[in-house]
Amino acid sequence: MQITFHGAAGEVTGSCFLLDTGRHRVLIECGMMQGGRNEKSRNAARFPFDVRGIDAVIVTHGHIDHIGRLPLLVKRGYRGPIHAQRATAELARVMLEDAASLALSDTERRNRARQRRGQRTEQPLYDLDDVAETLRLFQGHDYDEIVAVLPDVELRLHDAGHILGAASLEILAGEGDARRRIVFSGDIGPRGTPILRDPQPIESADMLIMESTYGDRLHRPRADTVAEMGEIFQRARAEKGKVLIPAFAVGRSQEILWWLAEHRSDWKLDAWRIFLDSPMALRVVELYNRHTGLFDPDARARWQGPDNPFRMPNLRLVSRNEDSMAINKLASGVVVIAGSGMCNGGRILHHLRHNAWKENTHIIFSGYQAEGTLGRQLVDGAEYVTIFGERIRIRARVHTIGGLSAHADQNGLAEWYGHFRNRPPVWLVHGEDKARRGLASRLREFHGAEVHLPAPGETVSVPRARSG
Ligand SMILES: [Zn+2]
């Protein structure tokens, strides 16, 4: 029995692993590569395996770097099942439809330029029809349910506490003496994230494939970050200003609402009008409301009562474009949470155009800003930026608050590993080399773990671990 590391080996995106039991082939994750100069051609490239030879697909969660190439897999001939947690199967619709729309508008823009130059036009990576075909293949499961994926492959999902529906995979593969327990961590969340449960421990494995995104770092305590948000609101109130929060539609937007609801009275937020201005985030809000059973007990209790953060009396969920535009007419006392999180598109752009030149505007960044994005320019302190072709002087105060990560830091990852009683050998993925080297030494030192850093394309035989 073998596993081949086709993606996220030495980088953070493009997760893709192939489990070959000898009888069947199971693809774990089919993620998109994000960032980097060759991103486009890498995503469009041939799959390094026979697509029609895949018997089943399993995905850990709905982020695009884990599911983004599924429609391409289907477009190229895959017709088998795609197994995932129920909420992930629903989130996949939101994420993949958005990815297809982005690919389409991006291709249309590039094709206009190509036509002007007399060049051939290109096709998008995939379209909404490919997405619809892909969504039909999804099979949603509950956490802890035993799923018969194939005659020689059984699956059990454990809550990974990363985003709604995120799971670690416990896979029993092979028959008789050759049977092995393989665990894919997926992305592991930090403990104490609001709304979500903490990552669930797993006790034994023959082989562990584990993420290492922040394997060499420690996060700032969440409480410090939240206190900093409070100070920003205090200043903005004194200056009669506005607060703009560029945020990712999945997870971050909902978490920000949670903190606003939690501190409504001490941050004197009742006097503010709060807008969640992102059609995609609204679809995710509906998803949360359908899956309150996955929440931690605190959040589940709040959803029943008046403290439901999605039902604050002064919160408006904005879906129509004209309502989004109308927010600009309000002079002060306004909080806008809008996408995209890195300001490389979405409604946050028109809010920035109307407000970033004002001294009493506060812009709060809470997530990673990739090179080349408008968000990165702003956090780097650009004096002028260009939005919709217009040069805008930046006089707003730009704040970068760390500490709201959806990933566990080195302590969290090491603690999660520590729950395995038999200390299985571990292959670190989903991290840049510096991060996975950092986690590797920590796991070796504290837990005596046997740690491997697989190279892209590397194939390893699934070992039999000592029992715990
Ligand atoms: Zn993720």
# chains A, B, ... in the order shown; residues from 1 in each chain; ligands from 1
$ residues_near_ligand --ligand "ligand 1" --cutoff "8 Å" --atoms "only C-alpha atoms and all ligand atoms" --output "ChimeraX atom specification"
/A:61-66,162-163,166,186-187,406-407
$ write_last_selection --atoms "N, CA, C and O atoms" --output "PDB file, in the first residue's frame"
ATOM      1  N   HIS A  61     -11.967  19.584   3.852  1.00  0.00           N
ATOM      2  CA  HIS A  61     -12.787  20.772   4.110  1.00  0.00           C
ATOM      3  C   HIS A  61     -12.919  21.629   2.867  1.00  0.00           C
ATOM      4  O   HIS A  61     -12.313  21.340   1.844  1.00  0.00           O
ATOM      5  N   GLY A  62     -13.717  22.687   2.967  1.00  0.00           N
ATOM      6  CA  GLY A  62     -14.151  23.418   1.783  1.00  0.00           C
ATOM      7  C   GLY A  62     -13.238  24.512   1.262  1.00  0.00           C
ATOM      8  O   GLY A  62     -13.606  25.201   0.312  1.00  0.00           O
ATOM      9  N   HIS A  63     -12.067  24.707   1.826  1.00  0.00           N
ATOM     10  CA  HIS A  63     -11.184  25.745   1.290  1.00  0.00           C
ATOM     11  C   HIS A  63     -10.691  25.360  -0.106  1.00  0.00           C
ATOM     12  O   HIS A  63     -10.450  24.187  -0.393  1.00  0.00           O
ATOM     13  N   ILE A  64     -10.522  26.399  -0.953  1.00  0.00           N
ATOM     14  CA  ILE A  64     -10.193  26.175  -2.359  1.00  0.00           C
ATOM     15  C   ILE A  64      -8.853  25.449  -2.557  1.00  0.00           C
ATOM     16  O   ILE A  64      -8.688  24.697  -3.506  1.00  0.00           O
ATOM     17  N   ASP A  65      -7.920  25.648  -1.622  1.00  0.00           N
ATOM     18  CA  ASP A  65      -6.641  24.939  -1.791  1.00  0.00           C
ATOM     19  C   ASP A  65      -6.768  23.450  -1.438  1.00  0.00           C
ATOM     20  O   ASP A  65      -5.799  22.705  -1.523  1.00  0.00           O
ATOM     21  N   HIS A  66      -7.991  23.010  -1.082  1.00  0.00           N
ATOM     22  CA  HIS A  66      -8.250  21.584  -0.830  1.00  0.00           C
ATOM     23  C   HIS A  66      -9.258  20.985  -1.811  1.00  0.00           C
ATOM     24  O   HIS A  66      -9.275  19.781  -2.021  1.00  0.00           O
ATOM     25  N   HIS A 162     -11.307  23.818  12.256  1.00  0.00           N
ATOM     26  CA  HIS A 162     -10.617  24.801  11.396  1.00  0.00           C
ATOM     27  C   HIS A 162     -11.617  25.752  10.734  1.00  0.00           C
ATOM     28  O   HIS A 162     -11.521  26.961  10.881  1.00  0.00           O
ATOM     29  N   ILE A 163     -12.577  25.227  10.007  1.00  0.00           N
ATOM     30  CA  ILE A 163     -13.742  25.985   9.538  1.00  0.00           C
ATOM     31  C   ILE A 163     -14.940  25.046   9.681  1.00  0.00           C
ATOM     32  O   ILE A 163     -14.760  23.856   9.968  1.00  0.00           O
ATOM     33  N   ALA A 166     -14.918  21.199   8.727  1.00  0.00           N
ATOM     34  CA  ALA A 166     -13.546  20.709   8.502  1.00  0.00           C
ATOM     35  C   ALA A 166     -13.302  19.432   9.293  1.00  0.00           C
ATOM     36  O   ALA A 166     -13.749  19.298  10.430  1.00  0.00           O
ATOM     37  N   GLY A 186      -5.787  17.106   7.744  1.00  0.00           N
ATOM     38  CA  GLY A 186      -6.468  18.268   7.173  1.00  0.00           C
ATOM     39  C   GLY A 186      -5.886  19.500   7.835  1.00  0.00           C
ATOM     40  O   GLY A 186      -4.824  19.430   8.464  1.00  0.00           O
ATOM     41  N   ASP A 187      -6.564  20.631   7.734  1.00  0.00           N
ATOM     42  CA  ASP A 187      -6.091  21.836   8.426  1.00  0.00           C
ATOM     43  C   ASP A 187      -6.645  21.813   9.847  1.00  0.00           C
ATOM     44  O   ASP A 187      -7.847  21.598  10.039  1.00  0.00           O
ATOM     45  N   ALA A 406      -7.131  30.748  11.673  1.00  0.00           N
ATOM     46  CA  ALA A 406      -7.940  29.522  11.677  1.00  0.00           C
ATOM     47  C   ALA A 406      -7.053  28.281  11.767  1.00  0.00           C
ATOM     48  O   ALA A 406      -7.533  27.157  11.670  1.00  0.00           O
ATOM     49  N   HIS A 407      -5.745  28.514  11.912  1.00  0.00           N
ATOM     50  CA  HIS A 407      -4.802  27.396  12.028  1.00  0.00           C
ATOM     51  C   HIS A 407      -4.173  27.367  13.415  1.00  0.00           C
ATOM     52  O   HIS A 407      -3.837  28.410  13.975  1.00  0.00           O
TER      53      HIS A 407
END
$ select_by_dssp --residues "stretch 65-124 of chain A" --states "strand (DSSP E)" --output "list in words"
Ile82, His83, Ala84 and Gln85 of chain A
$ closest_residue --among "A:Leu18, A:Leu282, A:Leu349, A:Ala99" --to "A:Gly457" --atoms "only C-alpha atoms"
A:Leu18
$ closest_residue --among "A:Gly367, A:Gly14, A:Pro190, A:Pro313" --to "A:Glu39" --atoms "only C-alpha atoms"
A:Gly14
$ residues_around --residues "A:Asn411" --least-positions-apart "4" --cutoff "10 Å" --atoms "only C-alpha atoms" --output "ChimeraX atom specification"
/A:190,214-219,415-417,439,442
$ select_by_dssp --residues "stretch 274-331 of chain A" --states "alpha helix (DSSP H)" --output "CSV table (one decimal) with all heavy atoms, in the first residue's frame"
chain,number,residue,atom,x,y,z
A,279,PRO,N,-22.3,39.0,-0.5
A,279,PRO,CA,-23.3,38.0,-0.9
A,279,PRO,C,-22.8,36.6,-0.5
A,279,PRO,O,-23.5,35.7,-0.1
A,279,PRO,CB,-23.5,38.1,-2.4
A,279,PRO,CG,-23.1,39.5,-2.7
A,279,PRO,CD,-22.0,39.9,-1.7
A,280,MET,N,-21.4,36.4,-0.7
A,280,MET,CA,-20.9,35.1,-0.4
A,280,MET,C,-20.9,34.8,1.1
A,280,MET,O,-21.3,33.7,1.5
A,280,MET,CB,-19.5,35.0,-0.9
A,280,MET,CG,-18.9,33.6,-0.9
A,280,MET,SD,-17.3,33.6,-1.8
A,280,MET,CE,-16.7,32.0,-1.3
A,281,ALA,N,-20.5,35.8,1.9
A,281,ALA,CA,-20.6,35.7,3.4
A,281,ALA,C,-22.0,35.4,3.8
A,281,ALA,O,-22.2,34.6,4.8
A,281,ALA,CB,-20.0,36.9,4.1
A,282,LEU,N,-23.0,36.0,3.1
A,282,LEU,CA,-24.4,35.7,3.5
A,282,LEU,C,-24.8,34.3,3.3
A,282,LEU,O,-25.5,33.7,4.1
A,282,LEU,CB,-25.4,36.6,2.7
A,282,LEU,CG,-25.3,38.1,3.0
A,282,LEU,CD1,-26.5,38.8,2.5
A,282,LEU,CD2,-25.0,38.5,4.4
A,283,ARG,N,-24.3,33.7,2.2
A,283,ARG,CA,-24.6,32.3,1.9
A,283,ARG,C,-24.0,31.4,3.0
A,283,ARG,O,-24.5,30.4,3.4
A,283,ARG,CB,-24.0,31.9,0.5
A,283,ARG,CG,-24.7,32.5,-0.6
A,283,ARG,CD,-24.2,32.0,-2.0
A,283,ARG,NE,-24.6,30.7,-2.3
A,283,ARG,CZ,-24.2,30.0,-3.4
A,283,ARG,NH1,-23.4,30.6,-4.2
A,283,ARG,NH2,-24.7,28.8,-3.6
A,284,VAL,N,-22.8,31.9,3.5
A,284,VAL,CA,-22.1,31.1,4.5
A,284,VAL,C,-22.9,31.3,5.9
A,284,VAL,O,-23.0,30.3,6.6
A,284,VAL,CB,-20.6,31.5,4.6
A,284,VAL,CG1,-19.9,30.8,5.8
A,284,VAL,CG2,-19.9,31.3,3.3
A,285,VAL,N,-23.4,32.4,6.1
A,285,VAL,CA,-24.2,32.7,7.3
A,285,VAL,C,-25.4,31.7,7.3
A,285,VAL,O,-25.7,31.1,8.3
A,285,VAL,CB,-24.7,34.1,7.4
A,285,VAL,CG1,-25.9,34.3,8.3
A,285,VAL,CG2,-23.6,35.0,7.8
A,286,GLU,N,-26.1,31.5,6.2
A,286,GLU,CA,-27.2,30.5,6.1
A,286,GLU,C,-26.7,29.1,6.4
A,286,GLU,O,-27.4,28.4,7.1
A,286,GLU,CB,-27.8,30.6,4.7
A,286,GLU,CG,-28.6,31.8,4.4
A,286,GLU,CD,-28.9,32.0,2.9
A,286,GLU,OE1,-28.8,31.0,2.1
A,286,GLU,OE2,-29.2,33.1,2.5
A,287,LEU,N,-25.5,28.8,5.9
A,287,LEU,CA,-24.9,27.5,6.1
A,287,LEU,C,-24.7,27.3,7.6
A,287,LEU,O,-25.0,26.2,8.2
A,287,LEU,CB,-23.6,27.4,5.4
A,287,LEU,CG,-22.9,26.1,5.3
A,287,LEU,CD1,-23.6,25.3,4.2
A,287,LEU,CD2,-21.5,26.2,5.0
A,288,TYR,N,-24.2,28.3,8.3
A,288,TYR,CA,-24.0,28.2,9.8
A,288,TYR,C,-25.3,28.0,10.4
A,288,TYR,O,-25.5,27.1,11.3
A,288,TYR,CB,-23.4,29.5,10.3
A,288,TYR,CG,-21.9,29.6,10.3
A,288,TYR,CD1,-21.2,29.7,9.1
A,288,TYR,CD2,-21.2,29.7,11.5
A,288,TYR,CE1,-19.8,29.8,9.1
A,288,TYR,CE2,-19.8,29.8,11.5
A,288,TYR,CZ,-19.1,29.8,10.3
A,288,TYR,OH,-17.8,30.0,10.4
A,289,ASN,N,-26.4,28.7,10.0
A,289,ASN,CA,-27.7,28.6,10.7
A,289,ASN,C,-28.3,27.2,10.5
A,289,ASN,O,-29.0,26.7,11.3
A,289,ASN,CB,-28.6,29.6,10.1
A,289,ASN,CG,-28.3,31.0,10.7
A,289,ASN,OD1,-27.8,31.1,11.8
A,289,ASN,ND2,-28.6,32.0,9.9
A,290,ARG,N,-27.9,26.5,9.4
A,290,ARG,CA,-28.4,25.1,9.1
A,290,ARG,C,-27.6,24.1,9.9
A,290,ARG,O,-28.0,23.0,10.0
A,290,ARG,CB,-28.3,24.8,7.6
A,290,ARG,CG,-29.4,25.4,6.8
A,290,ARG,CD,-29.5,24.6,5.4
A,290,ARG,NE,-28.3,24.7,4.6
A,290,ARG,CZ,-28.0,25.7,3.8
A,290,ARG,NH1,-28.8,26.8,3.8
A,290,ARG,NH2,-26.9,25.7,3.1
A,297,PRO,N,-20.8,24.3,22.6
A,297,PRO,CA,-22.0,24.5,23.4
A,297,PRO,C,-22.3,25.9,23.7
A,297,PRO,O,-23.5,26.3,23.6
A,297,PRO,CB,-21.6,23.8,24.7
A,297,PRO,CG,-20.5,22.8,24.4
A,297,PRO,CD,-19.8,23.4,23.3
A,298,ASP,N,-21.3,26.8,23.9
A,298,ASP,CA,-21.5,28.2,24.1
A,298,ASP,C,-22.3,28.8,22.9
A,298,ASP,O,-23.3,29.5,23.1
A,298,ASP,CB,-20.2,28.9,24.3
A,298,ASP,CG,-20.3,30.3,24.6
A,298,ASP,OD1,-21.4,30.8,25.0
A,298,ASP,OD2,-19.2,31.1,24.5
A,299,ALA,N,-21.8,28.6,21.7
A,299,ALA,CA,-22.4,29.2,20.5
A,299,ALA,C,-23.8,28.6,20.3
A,299,ALA,O,-24.7,29.3,20.0
A,299,ALA,CB,-21.5,28.9,19.3
A,300,ARG,N,-24.0,27.3,20.6
A,300,ARG,CA,-25.3,26.7,20.4
A,300,ARG,C,-26.3,27.3,21.3
A,300,ARG,O,-27.4,27.6,20.8
A,300,ARG,CB,-25.2,25.2,20.6
A,300,ARG,CG,-25.8,24.3,19.5
A,300,ARG,CD,-25.7,22.9,19.8
A,300,ARG,NE,-24.3,22.5,20.0
A,300,ARG,CZ,-23.9,21.4,20.7
A,300,ARG,NH1,-24.8,20.6,21.2
A,300,ARG,NH2,-22.7,21.1,20.8
A,301,ALA,N,-25.9,27.6,22.5
A,301,ALA,CA,-26.8,28.3,23.4
A,301,ALA,C,-27.2,29.7,22.9
A,301,ALA,O,-28.3,30.1,22.9
A,301,ALA,CB,-26.2,28.4,24.8
A,302,ARG,N,-26.2,30.4,22.4
A,302,ARG,CA,-26.4,31.8,22.0
A,302,ARG,C,-27.3,31.9,20.8
A,302,ARG,O,-28.1,32.8,20.6
A,302,ARG,CB,-25.1,32.5,21.7
A,302,ARG,CG,-24.5,33.1,22.9
A,302,ARG,CD,-23.3,33.9,22.5
A,302,ARG,NE,-22.3,33.7,23.5
A,302,ARG,CZ,-21.4,34.6,23.8
A,302,ARG,NH1,-21.4,35.7,23.1
A,302,ARG,NH2,-20.6,34.4,24.7
A,303,TRP,N,-27.2,30.9,19.9
A,303,TRP,CA,-28.0,30.9,18.7
A,303,TRP,C,-29.5,30.8,19.0
A,303,TRP,O,-30.3,31.3,18.2
A,303,TRP,CB,-27.6,29.8,17.7
A,303,TRP,CG,-27.0,30.3,16.5
A,303,TRP,CD1,-27.5,30.3,15.2
A,303,TRP,CD2,-25.7,30.9,16.4
A,303,TRP,NE1,-26.6,30.9,14.4
A,303,TRP,CE2,-25.5,31.3,15.0
A,303,TRP,CE3,-24.6,31.2,17.3
A,303,TRP,CZ2,-24.4,31.9,14.5
A,303,TRP,CZ3,-23.5,31.8,16.8
A,303,TRP,CH2,-23.4,32.2,15.4
A,304,GLN,N,-29.8,30.2,20.2
A,304,GLN,CA,-31.3,30.1,20.5
A,304,GLN,C,-31.8,31.5,21.1
A,304,GLN,O,-33.0,31.7,21.0
A,304,GLN,CB,-31.5,29.1,21.6
A,304,GLN,CG,-30.8,27.7,21.4
A,304,GLN,CD,-31.2,27.1,20.1
A,304,GLN,OE1,-32.4,27.3,19.7
A,304,GLN,NE2,-30.3,26.4,19.4
A,321,ASN,N,-26.7,45.1,-4.7
A,321,ASN,CA,-25.7,46.0,-5.0
A,321,ASN,C,-26.1,47.5,-4.6
A,321,ASN,O,-25.3,48.2,-4.1
A,321,ASN,CB,-25.4,46.0,-6.5
A,321,ASN,CG,-24.2,45.2,-6.8
A,321,ASN,OD1,-23.3,45.1,-6.0
A,321,ASN,ND2,-24.3,44.5,-8.0
A,322,GLU,N,-27.4,47.8,-4.9
A,322,GLU,CA,-27.8,49.2,-4.6
A,322,GLU,C,-27.8,49.5,-3.1
A,322,GLU,O,-27.4,50.6,-2.7
A,322,GLU,CB,-29.1,49.6,-5.3
A,322,GLU,CG,-30.2,48.6,-5.2
A,322,GLU,CD,-30.2,47.5,-6.2
A,322,GLU,OE1,-29.2,46.9,-6.5
A,322,GLU,OE2,-31.3,47.2,-6.7
A,323,ASP,N,-28.1,48.5,-2.3
A,323,ASP,CA,-28.0,48.7,-0.9
A,323,ASP,C,-26.6,48.8,-0.4
A,323,ASP,O,-26.3,49.5,0.6
A,323,ASP,CB,-28.7,47.5,-0.1
A,323,ASP,CG,-30.2,47.4,-0.4
A,323,ASP,OD1,-30.7,48.4,-0.8
A,323,ASP,OD2,-30.7,46.3,-0.3
A,324,SER,N,-25.7,48.1,-1.1
A,324,SER,CA,-24.3,48.2,-0.7
A,324,SER,C,-23.8,49.7,-1.1
A,324,SER,O,-23.1,50.3,-0.2
A,324,SER,CB,-23.5,47.2,-1.5
A,324,SER,OG,-22.1,47.4,-1.4
A,325,MET,N,-24.2,50.2,-2.2
A,325,MET,CA,-23.8,51.5,-2.6
A,325,MET,C,-24.3,52.6,-1.6
A,325,MET,O,-23.7,53.5,-1.3
A,325,MET,CB,-24.4,51.9,-4.0
A,325,MET,CG,-23.7,51.0,-5.1
A,325,MET,SD,-21.9,51.3,-5.2
A,325,MET,CE,-21.6,50.5,-6.7
A,326,ALA,N,-25.6,52.3,-1.1
A,326,ALA,CA,-26.2,53.3,-0.3
A,326,ALA,C,-25.5,53.5,1.1
A,326,ALA,O,-25.6,54.5,1.7
A,326,ALA,CB,-27.7,52.8,0.0
$ residues_around --residues "A:Leu125" --least-positions-apart "6" --cutoff "9 Å" --atoms "only C-alpha atoms" --output "ChimeraX atom specification"
/A:40,43-44,69,71-72,100,103-104,107
